[in-house]
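**Student:** Pasting work_32.csv here (CSV, C-alpha atoms):
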chain,number,residue,atom,x,y,z
A,12,MET,CA,19.1,16.0,-15.5
A,13,ALA,CA,16.8,13.3,-14.1
A,14,TYR,CA,16.4,13.4,-10.4
A,15,ASN,CA,17.8,10.0,-9.7
A,16,ILE,CA,18.3,8.6,-6.2
A,17,VAL,CA,19.1,4.9,-6.7
A,18,SER,CA,18.0,3.6,-3.3
A,19,LEU,CA,14.8,5.6,-3.4
A,20,ASN,CA,14.0,4.3,-6.9
A,21,GLU,CA,14.7,0.7,-5.7
A,22,LEU,CA,12.4,1.1,-2.7
A,23,THR,CA,9.7,2.6,-4.9
A,24,ALA,CA,10.0,-0.3,-7.3
A,25,GLN,CA,9.6,-2.9,-4.5
A,26,PHE,CA,6.4,-1.1,-3.2
A,27,GLU,CA,5.1,-1.0,-6.8
A,28,LYS,CA,5.3,-4.8,-7.1
A,29,LEU,CA,2.6,-5.1,-4.3
A,30,PRO,CA,-0.9,-5.8,-5.6
A,31,GLY,CA,-3.0,-2.7,-6.0
A,32,ILE,CA,-0.1,-0.3,-5.5
A,33,GLY,CA,0.5,2.0,-8.4
A,34,LYS,CA,3.5,4.2,-9.2
A,35,LYS,CA,2.2,7.3,-7.3
A,36,THR,CA,1.2,5.4,-4.2
A,37,ALA,CA,4.5,3.5,-4.3
A,38,GLN,CA,6.4,6.8,-4.3
A,39,ARG,CA,4.3,8.2,-1.5
A,40,LEU,CA,5.0,5.1,0.6
A,41,ALA,CA,8.7,5.1,-0.1
A,42,PHE,CA,8.8,8.8,0.9
A,43,TYR,CA,7.0,8.0,4.1
A,44,VAL,CA,9.6,5.3,5.0
A,45,ILE,CA,12.6,7.4,4.4
A,46,THR,CA,11.2,10.3,6.5
A,47,ALA,CA,9.8,8.0,9.3
A,48,PRO,CA,12.0,7.1,12.3
A,49,GLU,CA,14.8,4.7,11.3
A,50,GLU,CA,13.5,2.2,13.8
A,51,TYR,CA,10.4,1.8,11.6
A,52,ALA,CA,12.3,0.8,8.4
A,53,LYS,CA,14.3,-1.7,10.5
A,54,ARG,CA,11.3,-3.3,12.1
A,55,PHE,CA,9.5,-3.4,8.7
A,56,ALA,CA,12.5,-5.1,7.0
A,57,ALA,CA,12.8,-7.6,9.8
A,58,ALA,CA,9.0,-8.3,9.7
A,59,LEU,CA,9.3,-9.0,5.9
A,60,THR,CA,12.1,-11.5,6.0
A,61,ASP,CA,10.8,-13.0,9.3
A,62,ALA,CA,7.3,-13.6,8.0
A,63,ARG,CA,8.5,-14.9,4.6
A,64,SER,CA,11.0,-17.4,6.2
A,65,LYS,CA,8.9,-18.6,9.2
A,66,ILE,CA,5.5,-19.0,7.6
A,67,GLY,CA,4.8,-22.2,5.8
A,68,PHE,CA,1.9,-24.5,5.3
A,69,CYS,CA,0.2,-26.6,7.9
A,70,LYS,CA,1.2,-30.2,7.2
A,71,THR,CA,-2.4,-31.4,7.8
A,72,CYS,CA,-4.6,-28.7,6.2
A,73,GLN,CA,-2.2,-26.6,4.1
A,74,ALA,CA,-3.3,-23.4,5.8
A,75,LEU,CA,-0.6,-20.9,6.8
A,76,THR,CA,1.3,-21.4,10.0
A,77,ASP,CA,4.6,-20.6,11.6
A,78,GLY,CA,4.7,-24.0,13.3
A,79,GLU,CA,4.2,-27.5,12.1
A,80,LEU,CA,0.4,-27.4,12.5
A,81,CYS,CA,-1.9,-24.4,12.0
A,82,PRO,CA,-3.6,-23.0,15.1
A,83,VAL,CA,-6.9,-24.7,14.1
A,84,CYS,CA,-5.4,-28.2,13.5
A,85,ALA,CA,-3.3,-27.9,16.7
A,86,ASP,CA,-6.5,-27.1,18.7
A,87,GLY,CA,-7.8,-30.2,20.5
A,88,GLN,CA,-11.2,-28.6,20.8
A,89,ARG,CA,-12.0,-28.5,17.1
A,90,ASP,CA,-14.2,-31.0,15.5
A,91,LYS,CA,-12.0,-33.1,13.2
A,92,SER,CA,-15.0,-34.8,11.6
A,93,ILE,CA,-16.0,-31.7,9.6
A,94,ILE,CA,-13.6,-30.3,7.0
A,95,CYS,CA,-14.3,-27.0,5.3
A,96,VAL,CA,-12.5,-26.9,1.9
A,97,VAL,CA,-11.4,-23.4,0.8
A,98,SER,CA,-9.3,-22.2,-2.1
A,99,ASP,CA,-7.2,-19.6,-0.4
A,100,PRO,CA,-5.5,-19.3,3.0
A,101,LYS,CA,-7.2,-15.9,3.5
A,102,ASP,CA,-10.6,-17.7,3.4
A,103,VAL,CA,-9.7,-19.6,6.6
A,104,LEU,CA,-9.3,-16.2,8.4
A,105,ALA,CA,-12.7,-15.1,7.1
A,106,PHE,CA,-14.4,-18.2,8.5
A,107,GLU,CA,-12.5,-17.9,11.8
A,108,ARG,CA,-13.9,-14.4,12.1
A,109,THR,CA,-17.5,-15.8,12.2
A,110,ARG,CA,-16.5,-17.5,15.5
A,111,GLU,CA,-19.2,-20.1,14.8
A,112,TYR,CA,-17.4,-22.8,12.8
A,113,LYS,CA,-15.9,-25.4,15.0
A,114,GLY,CA,-14.6,-27.9,12.4
A,115,VAL,CA,-11.2,-27.9,10.6
A,116,TYR,CA,-10.1,-26.7,7.2
A,117,HIS,CA,-8.4,-27.8,4.1
A,118,VAL,CA,-6.8,-25.2,1.8
A,119,LEU,CA,-6.6,-26.1,-1.9
A,120,HIS,CA,-4.3,-23.2,-2.8
A,121,GLY,CA,-6.2,-22.2,-5.9
A,122,VAL,CA,-9.1,-23.4,-8.1
A,123,ILE,CA,-9.1,-25.4,-11.3
A,124,SER,CA,-8.7,-22.9,-14.1
A,125,PRO,CA,-7.6,-24.3,-17.5
A,126,LEU,CA,-7.3,-20.8,-19.0
A,127,ASP,CA,-4.6,-20.0,-16.4
A,128,GLY,CA,-3.0,-23.4,-16.8
A,129,ILE,CA,-4.1,-24.5,-13.4
A,130,GLY,CA,-5.1,-28.2,-13.5
A,131,PRO,CA,-6.3,-30.3,-10.5
A,132,GLU,CA,-2.8,-31.6,-10.0
A,133,LYS,CA,-1.6,-28.2,-8.9
A,134,LEU,CA,-4.1,-28.0,-6.1
A,135,LYS,CA,-3.9,-29.8,-2.7
A,136,ILE,CA,-6.5,-32.3,-3.6
A,137,LYS,CA,-4.4,-35.4,-3.1
A,138,GLU,CA,-3.7,-34.1,0.5
A,139,LEU,CA,-7.4,-33.7,1.1
A,140,LEU,CA,-8.3,-37.2,-0.1
A,141,ALA,CA,-5.6,-38.6,2.1
A,142,ARG,CA,-7.2,-37.0,5.1
A,143,LEU,CA,-10.5,-38.6,4.3
A,144,SER,CA,-9.2,-42.2,4.3
A,145,ASP,CA,-9.1,-42.8,8.1
A,146,GLY,CA,-12.9,-42.8,8.7
A,147,VAL,CA,-12.9,-39.8,11.1
A,148,VAL,CA,-14.3,-37.3,8.7
A,149,LYS,CA,-18.1,-37.3,8.4
A,150,GLU,CA,-18.7,-34.2,6.3
A,151,VAL,CA,-16.8,-32.1,3.8
A,152,ILE,CA,-18.1,-28.5,3.2
A,153,MET,CA,-17.1,-27.2,-0.2
A,154,ALA,CA,-16.4,-23.6,0.5
A,155,THR,CA,-14.7,-22.6,-2.7
A,156,ASP,CA,-15.6,-19.2,-4.1
A,157,PRO,CA,-19.1,-18.8,-5.7
A,158,THR,CA,-17.5,-18.3,-9.1
A,159,VAL,CA,-17.5,-20.6,-12.2
A,160,GLU,CA,-14.0,-21.9,-11.3
A,161,GLY,CA,-14.9,-22.3,-7.7
A,162,GLU,CA,-18.0,-24.3,-8.7
A,163,ALA,CA,-16.1,-26.5,-11.1
A,164,THR,CA,-13.5,-27.2,-8.6
A,165,ALA,CA,-16.1,-28.1,-5.9
A,166,SER,CA,-17.9,-30.5,-8.3
A,167,TYR,CA,-14.6,-32.0,-9.5
A,168,ILE,CA,-13.5,-32.8,-6.0
A,169,SER,CA,-17.0,-34.1,-4.9
A,170,ARG,CA,-16.8,-36.8,-7.6
A,171,PHE,CA,-13.9,-38.4,-5.7
A,172,ILE,CA,-15.4,-38.0,-2.3
A,173,LYS,CA,-19.0,-39.2,-2.9
A,174,PRO,CA,-17.9,-42.9,-3.4
A,175,MET,CA,-16.3,-42.8,0.1
A,176,GLY,CA,-19.8,-42.4,1.6
A,177,ILE,CA,-18.9,-39.0,3.2
A,178,LYS,CA,-21.5,-36.2,3.3
A,179,ILE,CA,-20.6,-33.3,1.0
A,180,THR,CA,-22.2,-29.9,1.4
A,181,ARG,CA,-21.9,-26.6,-0.4
A,182,LEU,CA,-22.2,-23.1,1.1
A,183,ALA,CA,-25.7,-21.6,0.8
A,184,TYR,CA,-26.3,-19.1,-2.0
A,185,GLY,CA,-28.5,-16.1,-1.4
A,186,VAL,CA,-28.5,-12.3,-0.9
A,187,PRO,CA,-25.7,-11.0,1.4
A,188,VAL,CA,-26.8,-9.8,4.8
A,189,GLY,CA,-26.9,-6.0,4.9
A,190,GLY,CA,-27.0,-5.9,1.1
A,191,ASP,CA,-29.4,-3.9,-1.0
A,192,LEU,CA,-31.8,-6.0,-3.1
A,193,GLU,CA,-31.8,-3.4,-5.8
A,194,TYR,CA,-28.2,-4.1,-6.5
A,195,ALA,CA,-28.3,-7.9,-6.3
A,196,ASP,CA,-27.7,-9.5,-9.6
A,197,GLU,CA,-30.4,-11.8,-11.2
A,198,VAL,CA,-28.5,-15.1,-10.6
A,199,THR,CA,-28.0,-14.3,-6.9
A,200,LEU,CA,-31.7,-13.4,-6.5
A,201,GLN,CA,-32.8,-16.5,-8.4
A,202,ARG,CA,-30.6,-18.6,-6.0
A,203,ALA,CA,-32.0,-16.8,-3.0
A,204,LEU,CA,-35.5,-17.6,-4.2
A,205,ASP,CA,-34.7,-21.2,-4.9
A,206,GLY,CA,-33.2,-21.6,-1.4
A,207,ARG,CA,-35.9,-19.8,0.5
A,208,ASN,CA,-36.8,-21.0,4.0
A,209,GLU,CA,-40.0,-21.0,5.9
A,210,ILE,CA,-40.1,-18.5,8.7
B,21,MET,CA,-9.4,-20.0,19.3
B,22,ALA,CA,-8.0,-16.9,17.5
B,23,TYR,CA,-6.1,-17.7,14.4
B,24,ASN,CA,-2.8,-16.2,15.5
B,25,ILE,CA,0.4,-16.3,13.5
B,26,VAL,CA,2.8,-13.9,15.2
B,27,SER,CA,5.1,-13.1,12.3
B,28,LEU,CA,2.1,-12.6,10.0
B,29,ASN,CA,0.5,-10.2,12.5
B,30,GLU,CA,3.7,-8.3,12.9
B,31,LEU,CA,4.1,-7.9,9.1
B,32,THR,CA,0.5,-6.8,8.8
B,33,ALA,CA,1.0,-4.3,11.6
B,34,GLN,CA,4.0,-2.8,9.8
B,35,PHE,CA,2.1,-2.4,6.5
B,36,GLU,CA,-0.8,-0.8,8.4
B,37,LYS,CA,1.5,2.0,9.7
B,38,LEU,CA,2.0,3.2,6.1
B,39,PRO,CA,-0.2,6.2,5.2
B,40,GLY,CA,-3.4,5.3,3.4
B,41,ILE,CA,-3.1,1.6,4.1
B,42,GLY,CA,-5.9,0.2,6.2
B,43,LYS,CA,-6.3,-3.1,8.1
B,44,LYS,CA,-7.7,-5.0,5.1
B,45,THR,CA,-5.2,-3.8,2.6
B,46,ALA,CA,-2.3,-4.4,5.1
B,47,GLN,CA,-3.5,-8.0,5.4
B,48,ARG,CA,-3.7,-8.4,1.7
B,49,LEU,CA,-0.2,-7.0,1.2
B,50,ALA,CA,1.2,-9.2,4.0
B,51,PHE,CA,-0.4,-12.3,2.4
B,52,TYR,CA,1.1,-11.3,-1.0
B,53,VAL,CA,4.6,-11.1,0.5
B,54,ILE,CA,4.5,-14.5,2.2
B,55,THR,CA,3.2,-16.2,-0.9
B,56,ALA,CA,5.5,-14.4,-3.3
B,57,PRO,CA,9.0,-15.8,-4.1
B,58,GLU,CA,11.4,-15.5,-1.1
B,59,GLU,CA,13.7,-13.4,-3.2
B,60,TYR,CA,11.1,-10.6,-3.2
B,61,ALA,CA,10.8,-10.4,0.6
B,62,LYS,CA,14.6,-10.2,0.8
B,63,ARG,CA,15.0,-7.5,-1.8
B,64,PHE,CA,12.1,-5.5,-0.3
B,65,ALA,CA,13.7,-5.7,3.1
B,66,ALA,CA,17.1,-4.7,1.8
B,67,ALA,CA,15.6,-1.8,-0.1
B,68,LEU,CA,13.9,-0.6,3.1
B,69,THR,CA,16.9,-0.5,5.3
B,70,ASP,CA,19.1,0.7,2.4
B,71,ALA,CA,17.0,3.6,1.4
B,72,ARG,CA,16.4,4.6,5.0
B,73,SER,CA,20.1,4.5,5.9
B,74,LYS,CA,21.5,6.0,2.7
B,75,ILE,CA,19.1,8.8,2.0
B,76,GLY,CA,19.7,12.1,3.8
B,77,PHE,CA,19.3,15.7,3.0
B,78,CYS,CA,21.4,17.7,0.5
B,79,LYS,CA,23.7,19.9,2.6
B,80,THR,CA,22.9,22.8,0.3
B,81,CYS,CA,19.2,22.7,-0.5
B,82,GLN,CA,17.9,20.1,2.0
B,83,ALA,CA,16.3,18.0,-0.7
B,84,LEU,CA,16.6,14.2,-0.5
B,85,THR,CA,19.8,12.6,-1.7
B,86,ASP,CA,22.0,9.6,-1.2
B,87,GLY,CA,25.1,11.6,-1.6
B,88,GLU,CA,26.4,14.9,-0.1
B,89,LEU,CA,24.6,17.0,-2.7
B,90,CYS,CA,21.3,16.3,-4.4
B,91,PRO,CA,21.4,15.7,-8.2
B,92,VAL,CA,20.3,19.2,-8.9
B,93,CYS,CA,22.8,21.0,-6.7
B,94,ALA,CA,25.6,18.7,-8.0
B,95,ASP,CA,24.6,19.6,-11.6
B,96,GLY,CA,26.9,22.3,-13.0
B,97,GLN,CA,24.4,23.2,-15.7
B,98,ARG,CA,21.8,24.4,-13.3
B,99,ASP,CA,21.3,28.1,-12.7
B,100,LYS,CA,22.3,28.8,-9.2
B,101,SER,CA,20.9,32.3,-9.3
B,102,ILE,CA,17.3,31.2,-9.0
B,103,ILE,CA,16.1,29.3,-6.0
B,104,CYS,CA,12.7,27.7,-5.9
B,105,VAL,CA,11.5,27.3,-2.3
B,106,VAL,CA,9.2,24.3,-1.7
B,107,SER,CA,7.8,22.8,1.5
B,108,ASP,CA,8.3,19.1,0.8
B,109,PRO,CA,11.0,17.0,-0.9
B,110,LYS,CA,8.3,15.5,-3.2
B,111,ASP,CA,7.6,18.9,-4.6
B,112,VAL,CA,11.2,18.9,-6.1
B,113,LEU,CA,10.3,15.8,-8.1
B,114,ALA,CA,7.1,17.5,-9.3
B,115,PHE,CA,9.0,20.5,-10.6
B,116,GLU,CA,11.7,18.3,-12.1
B,117,ARG,CA,9.0,16.4,-14.1
B,118,THR,CA,8.2,19.7,-15.9
B,119,ARG,CA,11.7,19.5,-17.4
B,120,GLU,CA,11.5,23.3,-17.8
B,121,TYR,CA,12.8,24.7,-14.6
B,122,LYS,CA,16.6,25.2,-14.8
B,123,GLY,CA,17.3,26.8,-11.3
B,124,VAL,CA,17.9,25.1,-8.0
B,125,TYR,CA,15.7,24.4,-5.0
B,126,HIS,CA,15.4,24.8,-1.3
B,127,VAL,CA,13.3,22.5,0.7
B,128,LEU,CA,11.7,23.9,3.9
B,129,HIS,CA,10.5,20.5,5.2
B,130,GLY,CA,7.1,21.8,6.3
B,131,VAL,CA,5.1,25.0,6.6
B,132,ILE,CA,4.5,27.2,9.5
B,133,SER,CA,1.4,25.8,11.3
B,134,PRO,CA,0.9,27.0,14.8
B,135,LEU,CA,-2.1,24.6,15.3
B,136,ASP,CA,0.3,21.7,14.7
B,137,GLY,CA,3.0,23.2,16.8
B,138,ILE,CA,5.2,23.9,13.8
B,139,GLY,CA,6.9,27.3,14.2
B,140,PRO,CA,9.4,28.9,11.8
B,141,GLU,CA,12.3,27.6,13.8
B,142,LYS,CA,11.4,24.0,12.8
B,143,LEU,CA,11.7,24.8,9.1
B,144,LYS,CA,15.0,25.1,7.1
B,145,ILE,CA,14.6,28.9,6.9
B,146,LYS,CA,18.0,29.7,8.5
B,147,GLU,CA,19.6,27.5,5.8
B,148,LEU,CA,17.8,29.4,3.1
B,149,LEU,CA,18.8,32.8,4.3
B,150,ALA,CA,22.5,31.6,4.6
B,151,ARG,CA,22.4,30.7,0.9
B,152,LEU,CA,21.3,34.2,0.0
B,153,SER,CA,24.1,36.0,1.6
B,154,ASP,CA,26.8,35.4,-1.0
B,155,GLY,CA,25.2,37.6,-3.7
B,156,VAL,CA,24.8,34.9,-6.3
B,157,VAL,CA,21.1,34.5,-5.9
B,158,LYS,CA,19.0,37.0,-8.0
B,159,GLU,CA,15.5,35.5,-7.5
B,160,VAL,CA,13.6,33.4,-5.0
B,161,ILE,CA,10.4,31.7,-6.2
B,162,MET,CA,8.1,31.0,-3.3
B,163,ALA,CA,6.5,27.7,-4.3
B,164,THR,CA,4.9,26.6,-1.1
B,165,ASP,CA,1.5,25.0,-1.4
B,166,PRO,CA,-1.4,27.3,-2.3
B,167,THR,CA,-3.0,26.8,1.1
B,168,VAL,CA,-3.4,29.1,4.1
B,169,GLU,CA,-0.3,27.7,5.8
B,170,GLY,CA,1.7,27.8,2.5
B,171,GLU,CA,0.8,31.4,1.9
B,172,ALA,CA,1.6,32.4,5.5
B,173,THR,CA,5.0,30.7,5.3
B,174,ALA,CA,5.8,32.4,1.9
B,175,SER,CA,4.9,35.8,3.3
B,176,TYR,CA,6.8,35.2,6.5
B,177,ILE,CA,10.0,34.3,4.7
B,178,SER,CA,9.7,37.1,2.1
B,179,ARG,CA,9.8,39.6,5.0
B,180,PHE,CA,13.5,38.5,5.6
B,181,ILE,CA,14.5,38.4,2.0
B,182,LYS,CA,13.1,41.7,0.7
B,183,PRO,CA,15.6,43.8,2.7
B,184,MET,CA,18.4,41.9,0.9
B,185,GLY,CA,17.3,43.4,-2.4
B,186,ILE,CA,16.6,39.9,-4.0
B,187,LYS,CA,13.6,39.5,-6.3
B,188,ILE,CA,10.8,37.4,-4.7
B,189,THR,CA,8.1,35.8,-6.8
B,190,ARG,CA,5.2,33.5,-6.1
B,191,LEU,CA,3.7,30.8,-8.3
B,192,ALA,CA,0.8,32.0,-10.5
B,193,TYR,CA,-2.7,31.2,-9.3
B,194,GLY,CA,-5.3,30.1,-11.9
B,195,VAL,CA,-7.4,27.3,-13.2
B,196,PRO,CA,-5.4,24.0,-13.6
B,197,VAL,CA,-4.7,22.9,-17.2
B,198,GLY,CA,-7.1,20.2,-18.3
B,199,GLY,CA,-9.5,21.0,-15.4
B,200,ASP,CA,-13.2,21.6,-15.7
B,201,LEU,CA,-14.3,25.2,-15.0
B,202,GLU,CA,-17.6,23.9,-13.7
B,203,TYR,CA,-15.7,22.3,-10.7
B,204,ALA,CA,-13.3,25.1,-10.1
B,205,ASP,CA,-13.9,26.8,-6.7
B,206,GLU,CA,-14.8,30.5,-6.5
B,207,VAL,CA,-11.5,31.6,-5.0
B,208,THR,CA,-9.5,29.9,-7.8
B,209,LEU,CA,-11.7,31.4,-10.5
B,210,GLN,CA,-11.4,34.8,-8.9
B,211,ARG,CA,-7.6,34.5,-8.9
B,212,ALA,CA,-7.7,33.3,-12.5
B,213,LEU,CA,-9.7,36.4,-13.5
B,214,ASP,CA,-7.4,38.6,-11.5
B,215,GLY,CA,-4.3,37.2,-13.2
B,216,ARG,CA,-5.8,37.1,-16.8
B,217,ASN,CA,-3.3,37.7,-19.6
B,218,GLU,CA,-3.9,39.3,-23.0
B,219,ILE,CA,-3.8,36.8,-25.9
Show me, as structure tokens, the structure contained in the file I just sent.
**Tutor:**
Amino acid sequence: MAYNIVSLNELTAQFEKLPGIGKKTAQRLAFYVITAPEEYAKRFAAALTDARSKIGFCKTCQALTDGELCPVCADGQRDKSIICVVSDPKDVLAFERTREYKGVYHVLHGVISPLDGIGPEKLKIKELLARLSDGVVKEVIMATDPTVEGEATASYISRFIKPMGIKITRLAYGVPVGGDLEYADEVTLQRALDGRNEI
Amino acid sequence: MAYNIVSLNELTAQFEKLPGIGKKTAQRLAFYVITAPEEYAKRFAAALTDARSKIGFCKTCQALTDGELCPVCADGQRDKSIICVVSDPKDVLAFERTREYKGVYHVLHGVISPLDGIGPEKLKIKELLARLSDGVVKEVIMATDPTVEGEATASYISRFIKPMGIKITRLAYGVPVGGDLEYADEVTLQRALDGRNEI
């Protein structure tokens, strides 16, 4: 009696595995695909396997790339003496959107989180320290997320870098631009007060 | 300077074409795929092409199926004398979830909507009328959406069916079960009053 179309169920199941996609949405997307032009399903399928097989990590900074080096590391114009350390490949794109940062990156691929079983050895910390040994790097900006885990990871890594005599900085805390003070939490407001600048 | 990974952009673009998926979400989904196990991307891609190529319309009722007949039309237990006419293949699944309806379906694949350039000739009306000619069908339930277009489509089709001496019914209007009367619109409330039943 159940209305069972195997290939439709399978497609729905695959959509449902995506983050933030529930059963209803997965079904709606699956229906869209099977009623869209056949060309779309083909291009989508090709894009999936293509992206998954071609994209790897930059051998220098561990960011995503489809070549050997990521576009930033491959760019001769970037300042190799400043490394911005982020936890996630997506963070690189966020900084690149500012169009202001001219240094390079290092992606840790996670933060230290004992509760999730993620210890320092699972992050790309060894790779970061290796990059610092040649004397080119003058500053390391710790740009992990402003969370407990992000903070802990930043301070863990700085303990190794400080003895090398390299400047370590952390992103400024404060109220977000365009935000509403009314909705800012106490800790953020306190940090914004602590870090106040003369105008 | 732009952080450009061709295959990642292509995958993001394909996700963005899905209904209700914006740029940010598309990027998040694409990132998920390229960091998920390779097996996932492969199965997803296979499911896409598979579903798109295998699924077609039931030759009797025009519902979705991966065979010649849909599971409902192929089921000998279903009552072929009642046809429930819906506008969208998804509506069939909605009725099947009730587990109460024992008749069969007919999918119009749209509603008459002159503003969108959809005339009656674009719907599967011809196919419906052909099914009614053999004298088996005793009742046609018009279950198009309770919208202006759905109503117009239902009344357009009934004009052809009435002369055949077949009973035509329309879904009952009223307040939805579990709904809050406070938020029911005037028209729905009026219809619910009009259709009140003795208890």
**Student:** Env of range 33-45 of chain A: 6 Å cut, atoms = only C-alpha atoms, seq-sep filter 5 positions within chain, self excluded. Answer as a list in words.
**Tutor:**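 Counting only the stated atoms, we get Thr23, Phe26 and Glu27 of chain A; Arg72 of chain B.
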**Student:** Wanna dump the chain A-chain B contacts at 6 Å for me, each residue with its shortest atom pair and the distance in Å to one decimal, counting all atoms listed in the file, ordered by chain and number, as a tab-separated table?
**Tutor:**
residue	atom	partner	partner_atom	distance
A:Tyr14	CA	B:Pro91	CA	5.9
A:Ser18	CA	B:Ala71	CA	4.8
A:Leu19	CA	B:Ala71	CA	5.6
A:Leu22	CA	B:Ala67	CA	5.0
A:Gln25	CA	B:Phe64	CA	5.5
A:Ile45	CA	B:Arg72	CA	4.8
A:Ala52	CA	B:Thr69	CA	5.7
A:Lys53	CA	B:Thr69	CA	5.9
A:Phe55	CA	B:Gln34	CA	5.6
A:Ala56	CA	B:Ala65	CA	4.1
A:Ala58	CA	B:Leu31	CA	5.0
A:Leu59	CA	B:Ala61	CA	5.7
A:Thr60	CA	B:Ala61	CA	5.7
A:Ala62	CA	B:Ser27	CA	4.9
A:Arg63	CA	B:Ile54	CA	4.7
A:Pro82	CA	B:Tyr23	CA	5.9
**Student:** Using C-alpha atoms, can you write the selected residues to a file as a compact mmCIF listing (two decimals), in the frame of the given file?
**Tutor:**
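Result went into out37.txt, see below:
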# COMPACT_ATOMS: atom_id res chain seq x y z
CA TYR A 14 16.40 13.40 -10.40
CA SER A 18 18.00 3.60 -3.30
CA LEU A 19 14.80 5.60 -3.40
CA LEU A 22 12.40 1.10 -2.70
CA GLN A 25 9.60 -2.90 -4.50
CA ILE A 45 12.60 7.40 4.40
CA ALA A 52 12.30 0.80 8.40
CA LYS A 53 14.30 -1.70 10.50
CA PHE A 55 9.50 -3.40 8.70
CA ALA A 56 12.50 -5.10 7.00
CA ALA A 58 9.00 -8.30 9.70
CA LEU A 59 9.30 -9.00 5.90
CA THR A 60 12.10 -11.50 6.00
CA ALA A 62 7.30 -13.60 8.00
CA ARG A 63 8.50 -14.90 4.60
CA PRO A 82 -3.60 -23.00 15.10
**Student:** Calculated over all atoms listed in the file, which of the candidates A:Ala195, A:Val122, A:Ala74, A:Val97 has the smallest distance to Leu182 in chain A?
**Tutor:**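 Nearest to Leu182 in chain A: A:Val97.
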**Student:** What's the 12 Å shell around Gly155 in chain B, counting only C-alpha atoms, without same-chain residues fewer than 5 positions away, as a list in words?
**Tutor:**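 Residues near the query, excluding close chain neighbours: Lys100, Ser101, Ile102, Leu149, Ala150, Met184, Gly185 and Ile186 of chain B.
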**Student:** So which one's closest to Met162 in chain B, B:Gln210, B:Val127, B:Asn217, B:Cys104? Using all atoms listed in the file, please.
**Tutor:**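 Checking each candidate against Met162 in chain B, we get B:Cys104 as the closest.
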**Student:** For range 187-197 of chain A, supply N, CA, C and O atoms and report the output as a PDB file, in the coordinates of the input.
**Tutor:**
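Ended up saving to part.pdb:
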ATOM      1  N   PRO A 187     -26.583 -11.298   0.245  1.00  0.00           N
ATOM      2  CA  PRO A 187     -25.700 -11.000   1.400  1.00  0.00           C
ATOM      3  C   PRO A 187     -26.436 -10.201   2.454  1.00  0.00           C
ATOM      4  O   PRO A 187     -27.218  -9.312   2.118  1.00  0.00           O
ATOM      5  N   VAL A 188     -26.163 -10.509   3.719  1.00  0.00           N
ATOM      6  CA  VAL A 188     -26.800  -9.800   4.800  1.00  0.00           C
ATOM      7  C   VAL A 188     -26.317  -8.313   4.768  1.00  0.00           C
ATOM      8  O   VAL A 188     -25.132  -8.026   4.594  1.00  0.00           O
ATOM      9  N   GLY A 189     -27.280  -7.389   4.907  1.00  0.00           N
ATOM     10  CA  GLY A 189     -26.900  -6.000   4.900  1.00  0.00           C
ATOM     11  C   GLY A 189     -26.860  -5.439   3.452  1.00  0.00           C
ATOM     12  O   GLY A 189     -26.637  -4.255   3.231  1.00  0.00           O
ATOM     13  N   GLY A 190     -27.041  -6.336   2.455  1.00  0.00           N
ATOM     14  CA  GLY A 190     -27.000  -5.900   1.100  1.00  0.00           C
ATOM     15  C   GLY A 190     -28.266  -5.208   0.652  1.00  0.00           C
ATOM     16  O   GLY A 190     -29.256  -5.223   1.388  1.00  0.00           O
ATOM     17  N   ASP A 191     -28.243  -4.611  -0.524  1.00  0.00           N
ATOM     18  CA  ASP A 191     -29.400  -3.900  -1.000  1.00  0.00           C
ATOM     19  C   ASP A 191     -29.964  -4.718  -2.174  1.00  0.00           C
ATOM     20  O   ASP A 191     -29.273  -4.954  -3.162  1.00  0.00           O
ATOM     21  N   LEU A 192     -31.230  -5.166  -2.047  1.00  0.00           N
ATOM     22  CA  LEU A 192     -31.800  -6.000  -3.100  1.00  0.00           C
ATOM     23  C   LEU A 192     -31.722  -5.405  -4.457  1.00  0.00           C
ATOM     24  O   LEU A 192     -31.520  -6.099  -5.449  1.00  0.00           O
ATOM     25  N   GLU A 193     -31.877  -4.081  -4.497  1.00  0.00           N
ATOM     26  CA  GLU A 193     -31.800  -3.400  -5.800  1.00  0.00           C
ATOM     27  C   GLU A 193     -30.567  -3.672  -6.561  1.00  0.00           C
ATOM     28  O   GLU A 193     -30.585  -3.669  -7.785  1.00  0.00           O
ATOM     29  N   TYR A 194     -29.474  -3.873  -5.829  1.00  0.00           N
ATOM     30  CA  TYR A 194     -28.200  -4.100  -6.500  1.00  0.00           C
ATOM     31  C   TYR A 194     -27.801  -5.543  -6.640  1.00  0.00           C
ATOM     32  O   TYR A 194     -26.724  -5.853  -7.131  1.00  0.00           O
ATOM     33  N   ALA A 195     -28.668  -6.451  -6.166  1.00  0.00           N
ATOM     34  CA  ALA A 195     -28.300  -7.900  -6.300  1.00  0.00           C
ATOM     35  C   ALA A 195     -28.517  -8.291  -7.742  1.00  0.00           C
ATOM     36  O   ALA A 195     -29.444  -7.855  -8.416  1.00  0.00           O
ATOM     37  N   ASP A 196     -27.592  -9.117  -8.240  1.00  0.00           N
ATOM     38  CA  ASP A 196     -27.700  -9.500  -9.600  1.00  0.00           C
ATOM     39  C   ASP A 196     -28.800 -10.618  -9.759  1.00  0.00           C
ATOM     40  O   ASP A 196     -29.207 -11.229  -8.771  1.00  0.00           O
ATOM     41  N   GLU A 197     -29.256 -10.880 -10.996  1.00  0.00           N
ATOM     42  CA  GLU A 197     -30.400 -11.800 -11.200  1.00  0.00           C
ATOM     43  C   GLU A 197     -30.072 -13.197 -10.733  1.00  0.00           C
ATOM     44  O   GLU A 197     -30.922 -13.851 -10.126  1.00  0.00           O
TER      45      GLU A 197
END
